[in-house]
file input22.tsv (TSV, C-alpha atoms and all ligand atoms)
chain	number	residue	atom	x	y	z
O	1	MET	CA	0.00	0.00	0.00
O	2	GLN	CA	1.22	3.48	-0.89
O	3	VAL	CA	1.44	5.76	2.11
O	4	SER	CA	1.18	9.51	1.44
O	5	SER	CA	3.26	12.03	3.36
O	6	LEU	CA	0.22	13.21	5.32
O	7	GLN	CA	-0.55	9.61	6.22
O	8	HIS	CA	2.99	9.38	7.62
O	9	VAL	CA	2.41	12.46	9.75
O	10	ILE	CA	-0.91	11.03	10.98
O	11	PHE	CA	0.71	7.65	11.75
O	12	GLU	CA	3.44	9.41	13.73
O	13	ARG	CA	0.90	11.45	15.67
O	14	ILE	CA	-1.08	8.31	16.57
O	15	GLN	CA	2.09	6.45	17.55
O	16	GLN	CA	3.11	9.33	19.84
O	17	MET	CA	-0.26	10.29	21.29
O	18	GLY	CA	-2.55	7.29	20.85
O	19	PRO	CA	-5.79	7.20	18.82
O	20	LEU	CA	-7.02	10.53	17.48
O	21	SER	CA	-10.61	11.62	17.82
O	22	PHE	CA	-12.26	11.68	14.39
O	23	ALA	CA	-12.39	15.50	14.72
O	24	ASP	CA	-8.62	15.68	15.22
O	25	TYR	CA	-8.09	13.32	12.29
O	26	MET	CA	-10.39	15.45	10.09
O	27	ARG	CA	-8.57	18.61	11.20
O	28	MET	CA	-5.29	17.09	10.03
O	29	ALA	CA	-6.76	15.79	6.77
O	30	LEU	CA	-8.21	19.18	5.88
O	31	TYR	CA	-5.99	21.74	7.61
O	32	GLU	CA	-2.59	20.28	8.61
O	33	PRO	CA	-0.10	23.00	7.61
O	34	GLY	CA	1.75	21.95	4.48
O	35	TYR	CA	-0.45	18.89	3.88
O	36	GLY	CA	-4.17	19.46	4.48
O	37	TYR	CA	-6.78	19.41	1.74
O	38	TYR	CA	-7.79	23.05	2.15
O	39	VAL	CA	-4.35	24.53	2.68
O	40	THR	CA	-2.37	22.98	-0.17
O	41	GLY	CA	-2.51	22.72	-3.93
O	42	GLU	CA	-4.92	24.34	-6.32
O	43	ALA	CA	-8.45	25.36	-5.33
O	44	LYS	CA	-10.50	22.18	-5.46
O	45	MET	CA	-13.90	23.50	-6.54
O	46	GLY	CA	-15.23	23.91	-10.06
O	47	TRP	CA	-15.72	21.42	-12.84
O	48	GLU	CA	-12.05	20.45	-12.89
O	49	GLY	CA	-11.87	19.98	-9.10
O	50	ASP	CA	-13.51	17.65	-6.59
O	51	TYR	CA	-16.84	19.42	-6.18
O	52	TYR	CA	-18.76	22.38	-7.45
O	53	THR	CA	-20.78	24.93	-5.54
O	54	SER	CA	-23.78	27.09	-6.41
O	55	THR	CA	-21.40	29.81	-7.59
O	56	ASP	CA	-19.92	27.48	-10.20
O	57	ILE	CA	-23.34	26.54	-11.58
O	58	ALA	CA	-24.58	29.93	-12.75
O	59	ASP	CA	-24.14	33.67	-12.14
O	60	PHE	CA	-27.78	33.71	-11.05
O	61	PHE	CA	-26.77	32.65	-7.58
O	62	ALA	CA	-24.60	35.77	-7.25
O	63	HIS	CA	-27.31	37.96	-8.76
O	64	CYS	CA	-29.75	36.77	-6.12
O	65	MET	CA	-27.12	37.37	-3.44
O	66	GLY	CA	-26.68	40.88	-4.86
O	67	ARG	CA	-30.43	41.44	-4.57
O	68	GLN	CA	-30.30	40.13	-1.00
O	69	LEU	CA	-27.46	42.53	-0.15
O	70	LYS	CA	-29.48	45.39	-1.62
O	71	LYS	CA	-32.46	44.52	0.60
O	72	MET	CA	-30.23	44.43	3.68
O	73	TRP	CA	-28.58	47.71	2.68
O	74	LYS	CA	-32.03	49.32	2.45
O	75	GLN	CA	-33.07	47.89	5.82
O	76	LEU	CA	-29.94	49.41	7.31
O	77	GLY	CA	-30.91	52.83	5.92
O	78	GLN	CA	-28.58	52.78	2.89
O	79	PRO	CA	-25.32	53.69	4.65
O	80	VAL	CA	-22.66	55.27	2.41
O	81	ARG	CA	-20.44	52.29	3.08
O	82	LEU	CA	-21.68	48.71	3.23
O	83	GLY	CA	-18.94	46.47	4.64
O	84	VAL	CA	-19.42	42.88	3.51
O	85	LEU	CA	-17.16	40.07	4.63
O	86	GLU	CA	-17.31	36.76	2.79
O	87	GLN	CA	-15.63	33.95	4.69
O	88	GLY	CA	-14.38	30.78	2.96
O	89	ALA	CA	-14.64	32.64	-0.33
O	90	GLY	CA	-12.52	30.19	-2.33
O	91	ARG	CA	-11.41	31.70	-5.61
O	92	GLY	CA	-13.56	34.78	-5.13
O	93	ASP	CA	-16.04	33.93	-7.88
O	94	LEU	CA	-19.09	34.98	-5.85
O	95	ALA	CA	-17.48	38.32	-5.00
O	96	ARG	CA	-16.57	38.96	-8.64
O	97	GLN	CA	-20.02	38.02	-9.92
O	98	ILE	CA	-21.74	40.23	-7.32
O	99	HIS	CA	-19.52	43.17	-8.28
O	100	ASP	CA	-20.24	42.65	-11.99
O	101	TRP	CA	-23.97	42.48	-11.32
O	102	ALA	CA	-24.00	45.54	-9.04
O	103	ASN	CA	-21.87	47.61	-11.44
O	104	ALA	CA	-24.25	46.79	-14.29
O	105	HIS	CA	-27.59	47.05	-12.48
O	106	GLU	CA	-27.23	48.73	-9.09
O	107	PRO	CA	-24.60	51.48	-9.33
O	108	ALA	CA	-25.59	53.07	-5.99
O	109	LEU	CA	-25.15	49.76	-4.20
O	110	ALA	CA	-21.90	49.15	-6.11
O	111	ALA	CA	-20.57	52.51	-4.90
O	112	ALA	CA	-21.40	51.69	-1.27
O	113	LEU	CA	-20.11	48.12	-1.38
O	114	ASP	CA	-16.86	47.49	0.48
O	115	TYR	CA	-16.62	43.73	-0.07
O	116	ARG	CA	-13.74	41.79	1.45
O	117	ARG	CA	-13.18	38.09	1.26
O	118	THR	CA	-11.12	35.66	3.28
O	119	ASP	CA	-10.20	32.00	2.98
O	120	ILE	CA	-8.03	29.57	4.89
O	121	LYS	CA	-6.12	29.05	1.65
O	122	THR	CA	-4.78	32.57	1.96
O	123	GLY	CA	-4.11	32.19	5.66
O	124	GLN	CA	-7.33	33.57	7.12
O	125	ASP	CA	-9.06	30.98	9.29
O	126	ALA	CA	-12.72	31.93	9.81
O	127	LEU	CA	-12.45	30.35	13.26
O	128	VAL	CA	-9.82	32.80	14.47
O	129	THR	CA	-11.12	36.01	12.94
O	130	THR	CA	-9.77	38.87	15.00
O	131	ASP	CA	-9.46	41.61	12.37
O	132	ASP	CA	-11.44	44.45	13.87
O	133	THR	CA	-9.90	47.05	11.58
O	134	PHE	CA	-12.57	46.06	9.07
O	135	ALA	CA	-16.09	46.45	10.47
O	136	PRO	CA	-18.40	44.27	8.40
O	137	THR	CA	-22.11	44.99	8.40
O	138	ILE	CA	-22.89	41.75	6.61
O	139	ILE	CA	-20.93	38.53	7.09
O	140	LEU	CA	-21.74	35.75	4.64
O	141	SER	CA	-20.50	32.30	3.76
O	142	ASN	CA	-21.46	29.57	1.33
O	143	GLU	CA	-20.44	26.00	2.19
O	144	LEU	CA	-17.94	26.98	4.85
O	145	VAL	CA	-19.34	25.51	8.07
O	146	ASP	CA	-19.71	21.98	6.63
O	147	ALA	CA	-15.92	21.84	6.35
O	148	PHE	CA	-15.19	22.31	10.06
O	149	PRO	CA	-13.93	19.16	11.79
O	150	VAL	CA	-16.68	17.11	13.42
O	151	HIS	CA	-16.76	14.61	16.24
O	152	VAL	CA	-18.46	11.38	15.22
O	153	VAL	CA	-20.53	9.52	17.81
O	154	GLU	CA	-22.11	6.07	17.79
O	155	LYS	CA	-24.85	4.86	20.09
O	156	GLN	CA	-24.52	1.36	21.59
O	157	GLY	CA	-26.82	0.44	24.48
O	158	ASP	CA	-27.02	3.40	26.83
O	159	THR	CA	-23.63	4.72	25.83
O	160	LEU	CA	-22.67	7.36	23.30
O	161	TYR	CA	-19.24	6.29	22.05
O	162	GLU	CA	-16.90	8.54	20.12
O	163	VAL	CA	-15.29	7.34	16.90
O	164	ALA	CA	-11.50	7.53	17.06
O	165	VAL	CA	-8.84	6.81	14.45
O	166	THR	CA	-6.04	4.34	15.10
O	167	ILE	CA	-3.68	2.06	13.16
O	168	VAL	CA	-4.54	-1.59	12.52
O	169	ASN	CA	-2.21	-3.74	10.37
O	170	GLY	CA	-0.48	-0.66	8.98
O	171	ARG	CA	-3.71	1.07	7.97
O	172	LEU	CA	-5.84	3.78	9.48
O	173	ALA	CA	-8.90	2.25	11.11
O	174	GLU	CA	-11.81	3.31	13.27
O	175	MET	CA	-12.32	2.34	16.88
O	176	LEU	CA	-14.98	3.29	19.40
O	177	VAL	CA	-13.91	4.92	22.64
O	178	GLU	CA	-15.94	5.87	25.67
O	179	PRO	CA	-15.56	9.66	26.10
O	180	ASP	CA	-14.06	10.75	29.42
O	181	ASN	CA	-16.48	13.68	29.64
O	182	THR	CA	-20.11	14.34	28.72
O	183	THR	CA	-19.59	17.18	26.21
O	184	LEU	CA	-20.93	15.21	23.23
O	185	SER	CA	-23.92	13.62	24.95
O	186	ASP	CA	-24.69	17.02	26.57
O	187	TYR	CA	-24.71	18.52	23.09
O	188	LEU	CA	-27.37	16.08	21.85
O	189	ASP	CA	-29.33	16.29	25.10
O	190	GLY	CA	-29.26	20.08	24.81
O	191	PHE	CA	-31.17	19.76	21.53
O	192	LYS	CA	-33.50	17.18	23.08
O	193	VAL	CA	-32.31	14.47	20.72
O	194	PRO	CA	-33.76	11.17	22.07
O	195	TRP	CA	-30.63	9.25	21.02
O	196	ARG	CA	-31.00	6.70	23.84
O	197	THR	CA	-34.17	5.43	22.11
O	198	PHE	CA	-32.46	5.07	18.71
O	199	ALA	CA	-31.28	1.75	17.28
O	200	ASP	CA	-27.79	0.57	18.22
O	201	GLY	CA	-25.20	1.62	15.68
O	202	TRP	CA	-26.85	5.04	15.19
O	203	ARG	CA	-24.23	7.59	14.18
O	204	ALA	CA	-24.12	11.34	14.08
O	205	GLU	CA	-21.63	14.16	13.70
O	206	ILE	CA	-21.13	16.95	16.22
O	207	ASN	CA	-19.58	20.18	14.99
O	208	LEU	CA	-18.26	21.98	18.07
O	209	ASP	CA	-16.19	24.36	15.94
O	210	ALA	CA	-19.41	25.66	14.38
O	211	LEU	CA	-20.39	26.96	17.83
O	212	THR	CA	-17.05	28.71	18.28
O	213	TRP	CA	-17.29	30.12	14.77
O	214	MET	CA	-20.79	31.53	15.26
O	215	GLU	CA	-19.79	33.02	18.59
O	216	ARG	CA	-16.78	34.79	17.06
O	217	THR	CA	-18.60	35.81	13.91
O	218	SER	CA	-21.42	37.33	15.98
O	219	GLN	CA	-18.86	39.23	18.04
O	220	LEU	CA	-17.16	40.45	14.89
O	221	LEU	CA	-20.49	41.76	13.61
O	222	LEU	CA	-21.50	43.38	16.89
O	223	GLY	CA	-18.14	45.05	17.45
O	224	PRO	CA	-16.08	45.47	20.63
O	225	ASN	CA	-18.21	48.18	22.26
O	226	LEU	CA	-20.76	46.38	24.46
O	227	LYS	CA	-22.82	49.56	24.89
O	228	ARG	CA	-23.00	50.36	21.18
O	229	ARG	CA	-23.50	47.11	19.35
O	230	ARG	CA	-23.39	47.42	15.59
O	231	HIS	CA	-26.34	46.49	13.42
O	232	GLY	CA	-26.09	44.03	10.58
O	233	PHE	CA	-26.62	40.51	9.32
O	234	ILE	CA	-24.97	37.10	9.26
O	235	LEU	CA	-25.98	34.94	6.30
O	236	VAL	CA	-25.01	31.26	6.22
O	237	ILE	CA	-25.70	28.89	3.33
O	238	ASP	CA	-24.94	25.22	3.69
O	239	TYR	CA	-26.41	21.78	3.59
O	240	GLY	CA	-27.93	20.76	6.85
O	241	ASP	CA	-31.09	21.02	8.84
O	242	ILE	CA	-32.62	21.85	12.19
O	243	ALA	CA	-31.45	19.55	14.99
O	244	ARG	CA	-34.67	17.55	15.21
O	245	LYS	CA	-34.41	16.52	11.56
O	246	LEU	CA	-30.64	16.13	11.43
O	247	TYR	CA	-30.47	13.88	14.47
O	248	SER	CA	-33.32	11.46	13.80
O	249	ASN	CA	-33.57	7.70	14.14
O	250	GLU	CA	-34.08	7.43	10.37
O	251	ARG	CA	-30.74	9.06	9.65
O	252	HIS	CA	-28.97	6.03	11.06
O	253	HIS	CA	-25.59	6.54	9.41
O	254	GLY	CA	-25.13	10.28	9.95
O	255	THR	CA	-24.19	12.65	7.15
O	256	LEU	CA	-20.42	12.41	6.79
O	257	SER	CA	-19.48	12.55	3.10
O	258	CYS	CA	-16.25	12.67	1.14
O	259	TYR	CA	-15.73	14.14	-2.32
O	260	TYR	CA	-12.94	13.11	-4.64
O	261	LYS	CA	-13.05	14.20	-8.25
O	262	HIS	CA	-16.82	14.69	-8.13
O	263	GLN	CA	-17.38	11.23	-6.69
O	264	LEU	CA	-19.16	10.87	-3.40
O	265	THR	CA	-17.54	8.32	-1.10
O	266	ASP	CA	-18.02	7.29	2.52
O	267	ARG	CA	-14.40	6.41	3.23
O	268	PRO	CA	-12.88	9.33	5.12
O	269	LEU	CA	-9.80	7.38	6.18
O	270	VAL	CA	-8.48	6.86	2.67
O	271	ARG	CA	-6.49	9.54	0.87
O	272	PRO	CA	-6.22	11.98	3.81
O	273	GLY	CA	-5.40	15.41	2.41
O	274	GLU	CA	-6.57	14.50	-1.09
O	275	GLN	CA	-10.32	14.41	-0.63
O	276	ASP	CA	-12.87	16.75	0.86
O	277	ILE	CA	-14.65	15.60	4.03
O	278	THR	CA	-17.88	17.31	5.07
O	279	ALA	CA	-20.90	16.87	7.29
O	280	HIS	CA	-24.34	18.46	7.35
O	281	VAL	CA	-24.70	21.54	9.51
O	282	ASN	CA	-26.91	21.75	12.60
O	283	PHE	CA	-28.71	25.03	11.96
O	284	THR	CA	-30.45	24.98	15.35
O	285	ALA	CA	-26.99	25.13	16.94
O	286	LEU	CA	-26.02	28.14	14.81
O	287	MET	CA	-29.24	29.98	15.65
O	288	GLN	CA	-28.93	29.22	19.35
O	289	THR	CA	-25.32	30.40	19.54
O	290	ALA	CA	-26.06	33.62	17.65
O	291	ARG	CA	-29.04	34.28	19.91
O	292	GLN	CA	-26.84	33.87	22.97
O	293	GLN	CA	-24.64	36.61	21.52
O	294	GLY	CA	-27.62	38.96	21.15
O	295	LEU	CA	-28.66	38.38	17.52
O	296	ARG	CA	-32.19	37.58	16.39
O	297	LEU	CA	-33.51	35.25	13.74
O	298	HIS	CA	-34.32	37.01	10.49
O	299	SER	CA	-35.13	33.90	8.45
O	300	LEU	CA	-34.30	30.25	7.93
O	301	THR	CA	-35.38	28.83	4.62
O	302	THR	CA	-34.29	26.54	1.80
O	303	GLN	CA	-31.97	27.73	-0.96
O	304	ARG	CA	-34.83	27.12	-3.40
O	305	GLN	CA	-37.17	29.47	-1.53
O	306	TRP	CA	-34.41	32.00	-0.91
O	307	LEU	CA	-33.58	32.15	-4.62
O	308	LEU	CA	-37.25	32.56	-5.50
O	309	ASP	CA	-37.61	35.29	-2.85
O	310	ASN	CA	-34.57	37.04	-4.28
O	311	GLY	CA	-35.74	37.14	-7.83
O	312	ILE	CA	-34.21	34.16	-9.63
O	313	ASN	CA	-37.18	33.98	-12.00
O	314	GLU	CA	-37.01	37.71	-12.72
O	315	GLU	CA	-33.28	37.37	-13.40
O	316	LEU	CA	-33.99	34.51	-15.78
O	317	GLU	CA	-36.63	36.53	-17.61
O	318	LEU	CA	-34.32	39.55	-17.90
O	319	ILE	CA	-31.64	37.40	-19.49
O	320	ARG	CA	-34.15	35.77	-21.80
O	321	GLN	CA	-35.27	39.16	-23.09
O	322	ARG	CA	-31.75	40.55	-23.32
O	323	ASP	CA	-29.76	37.63	-24.76
O	324	PHE	CA	-32.25	35.18	-26.20
O	325	SER	CA	-34.73	37.24	-28.17
O	326	ALA	CA	-33.77	35.24	-31.29
O	327	ILE	CA	-35.77	32.34	-29.80
O	328	ASP	CA	-38.97	34.32	-30.38
O	329	THR	CA	-38.09	36.21	-33.53
O	330	ASP	CA	-35.89	33.83	-35.48
O	331	ARG	CA	-36.38	30.34	-34.10
O	332	ALA	CA	-35.91	28.53	-37.43
O	333	SER	CA	-32.47	30.01	-38.17
O	334	ASN	CA	-29.16	28.58	-36.98
O	335	GLN	CA	-28.85	31.53	-34.64
O	336	GLY	CA	-32.30	30.88	-33.24
O	337	GLN	CA	-31.58	27.18	-32.70
O	338	THR	CA	-28.28	27.93	-30.96
O	339	ALA	CA	-30.04	30.47	-28.73
O	340	LEU	CA	-32.67	27.87	-27.88
O	341	LEU	CA	-30.06	25.31	-26.84
O	342	GLN	CA	-28.17	27.86	-24.76
O	343	TRP	CA	-31.44	28.89	-23.17
O	344	TYR	CA	-32.26	25.28	-22.22
O	345	ASN	CA	-28.80	24.95	-20.74
O	346	LEU	CA	-29.36	28.04	-18.59
O	347	ARG	CA	-32.76	26.80	-17.44
O	348	GLN	CA	-31.12	23.51	-16.53
O	349	ARG	CA	-28.62	25.33	-14.34
O	350	VAL	CA	-31.34	27.22	-12.53
O	351	SER	CA	-33.13	23.91	-11.97
O	352	ALA	CA	-29.95	22.52	-10.41
O	353	LEU	CA	-29.75	25.48	-8.02
O	354	THR	CA	-33.39	25.12	-6.98
O	355	ASP	CA	-33.80	21.33	-7.13
O	356	PRO	CA	-35.63	20.39	-3.89
O	357	MET	CA	-33.72	17.08	-3.81
O	358	GLY	CA	-30.35	18.74	-4.36
O	359	MET	CA	-28.92	22.23	-3.90
O	360	GLY	CA	-32.41	23.66	-3.53
O	361	ASN	CA	-32.59	21.87	-0.19
O	362	PHE	CA	-29.55	23.71	1.19
O	363	LYS	CA	-30.53	25.96	4.05
O	364	VAL	CA	-30.12	29.73	4.15
O	365	LEU	CA	-29.94	31.19	7.62
O	366	ILE	CA	-30.02	34.94	8.22
O	367	MET	CA	-29.45	36.27	11.74
O	368	LYS	CA	-29.72	39.98	12.41
O	369	ARG	CA	-29.04	42.65	14.95
O	401	LIG	C1	-16.84	24.31	-0.49
O	401	LIG	S1	-15.73	25.62	-0.65
O	401	LIG	C2	-16.82	26.97	-0.95
O	401	LIG	C3	-16.15	28.09	-1.67
O	401	LIG	C4	-17.04	29.28	-1.97
O	401	LIG	N1	-17.68	29.78	-0.77
O	401	LIG	C5	-18.09	28.95	-3.01
O	401	LIG	O1	-19.26	29.01	-2.70
O	401	LIG	O2	-17.72	28.61	-4.13
O	401	LIG	C6	-15.20	25.83	0.99
O	401	LIG	C7	-14.18	26.94	1.15
O	401	LIG	O3	-14.00	27.19	2.52
O	401	LIG	C8	-12.61	27.36	2.78
O	401	LIG	N2	-12.41	27.01	4.18
O	401	LIG	C9	-12.52	25.80	4.76
O	401	LIG	N3	-12.30	25.89	6.08
O	401	LIG	C10	-12.06	27.20	6.34
O	401	LIG	C11	-11.77	27.93	7.53
O	401	LIG	N4	-11.66	27.31	8.71
O	401	LIG	N5	-11.59	29.26	7.43
O	401	LIG	C12	-11.68	29.90	6.24
O	401	LIG	N6	-11.94	29.26	5.08
O	401	LIG	C13	-12.13	27.93	5.14
O	401	LIG	C14	-11.95	26.42	1.79
O	401	LIG	O4	-10.60	26.77	1.54
O	401	LIG	C15	-12.84	26.58	0.55
O	401	LIG	O5	-12.39	27.63	-0.27
call {"tool": "encode", "arguments": {"input": "input22.tsv", "output": "structure tokens", "more": "lines below"}}
Ligand SMILES: C[S@@+](CC[C@H](N)C(=O)[O-])C[C@H]1O[C@@H](n2cnc3c(N)ncnc32)[C@H](O)[C@@H]1O
result
Amino acid sequence: MQVSSLQHVIFERIQQMGPLSFADYMRMALYEPGYGYYVTGEAKMGWEGDYYTSTDIADFFAHCMGRQLKKMWKQLGQPVRLGVLEQGAGRGDLARQIHDWANAHEPALAAALDYRRTDIKTGQDALVTTDDTFAPTIILSNELVDAFPVHVVEKQGDTLYEVAVTIVNGRLAEMLVEPDNTTLSDYLDGFKVPWRTFADGWRAEINLDALTWMERTSQLLLGPNLKRRRHGFILVIDYGDIARKLYSNERHHGTLSCYYKHQLTDRPLVRPGEQDITAHVNFTALMQTARQQGLRLHSLTTQRQWLLDNGINEELELIRQRDFSAIDTDRASNQGQTALLQWYNLRQRVSALTDPMGMGNFKVLIMKR
């Protein structure tokens, strides 16, 4: 068996310190300096990478986000400067597409927009945001939180075991350990998850970093002055659900997924550092943490509904009138036929973004202050 350099580092760590919790393993696989999936090599998203996101599918996603930013800007009284921070921004495609859209259609918003983006790839970890020289009024992220390392638990009898990673016969392998504290069972109990009644073998992921992230992100939004908290919004898009649906008896195997060259696999211990590992996000946990920091719920909806609410159909119609008029006037010509095919392709992309069984089922959470 070929052993990659990151595997060597993981082997050494296990030999020195004993089995790693799955969360520590995932942290190494994704973030180990010099080796981890997110911190090395080329950006992995897009058609040539391991996965694609809504931004890769069509500019419409960014147009709807632009419309959303405009609504928020209005609600805030149209300040002369609208500081937007996008965390986990990848290659910056969303930022670029929003700017293009605003410059073309909303010049006043474009003039106010002070849009910054960060990513772990360029050294800015969303979990350790401390930059208070930039005061964002809106903090947004798309598919960031699902990347944070998760603890994996398995129910057997009355016990909630934690999945750990060890070495068996020269390979990485799972083992169950009994946690020496109640943090993970307290987490599930806190959301009233009746895990003790679930079938043995039930698994779930627990994203403790998501709590830390929401706490820090809320504080970044509110600012350091406790007496004069800033107003603004936090917008989170990701796959996931409310706790009651995420942690159900039916979801027996949990939601951990790996992506390697657009293939979905369920083998997180192979190819550490070369494949993406993600888990669905507990949106109840994000809401609860933000509330504890003094934010209120603005909305929680599906990506499908959010896109509809933010004008995806109007955007589609505008483009049809602007770029595809040949479909109506000259359908029989070569030009008309090409326009028709391109139009179908665009419609297909919008369907992918709004598909209730796919990306349309992502959740969009907006918290406000
Ligand atoms: C699935 S991609 C999404 C990229 C982009 N938001 C989009 O919609 O196309 C996840 C991004 O989050 C970044 N990322 C992962 N963990 C991060 C962290 N702890 N802090 C900042 N960025 C992170 C990755 O480098 C990657 O660019």
call {"tool": "closest_residue", "arguments": {"input": "input22.tsv", "among": "O:Ala135, O:Val153, O:Ala290, O:Leu226", "to": "O:Leu256", "atoms": "all atoms listed in the file"}}
result
O:Val153
call {"tool": "closest_residue", "arguments": {"input": "input22.tsv", "among": "O:Val177, O:Val39, O:Leu144, O:Leu365", "to": "O:Ser21", "atoms": "all atoms listed in the file"}}
result
O:Val177
call {"tool": "residues_near_ligand", "arguments": {"input": "input22.tsv", "ligand": "ligand LIG 401 (chain O)", "cutoff": "8 Å", "atoms": "all atoms listed in the file", "output": "ChimeraX atom specification"}}
result
/O:30-31,38-39,43-46,51-56,86-94,118-121,123-127,141-145,147-148
call {"tool": "closest_residue", "arguments": {"input": "input22.tsv", "among": "O:Ile98, O:Val193, O:Ala173, O:Leu353", "to": "O:Ser248", "atoms": "all atoms listed in the file"}}
result
O:Val193
call {"tool": "residues_around", "arguments": {"input": "input22.tsv", "residues": "O:Gln335", "least_positions_apart": "5", "cutoff": "12 Å", "atoms": "all atoms listed in the file", "output": "MDAnalysis selection string"}}
result
chainID O and resid 323:330 340:342
call {"tool": "atom_distance", "arguments": {"input": "input22.tsv", "atom1": "atom CA of O:Asn207", "atom2": "atom CA of O:Phe61"}}
result
26.8 Å
call {"tool": "closest_residue", "arguments": {"input": "input22.tsv", "among": "O:Arg349, O:Arg203, O:Arg304, O:Arg13", "to": "O:Ile57", "atoms": "all atoms listed in the file"}}
result
O:Arg349
call {"tool": "residues_around", "arguments": {"input": "input22.tsv", "residues": "O:Pro149", "least_positions_apart": "5", "cutoff": "9 Å", "atoms": "all atoms listed in the file", "output": "list of chain:residue names"}}
result
O:Phe22, O:Ala23, O:Asp24, O:Tyr25, O:Met26, O:Arg27, O:Leu30, O:Ile206, O:Asn207, O:Leu208, O:Asp209, O:Ala210, O:Ile277, O:Thr278, O:Ala279
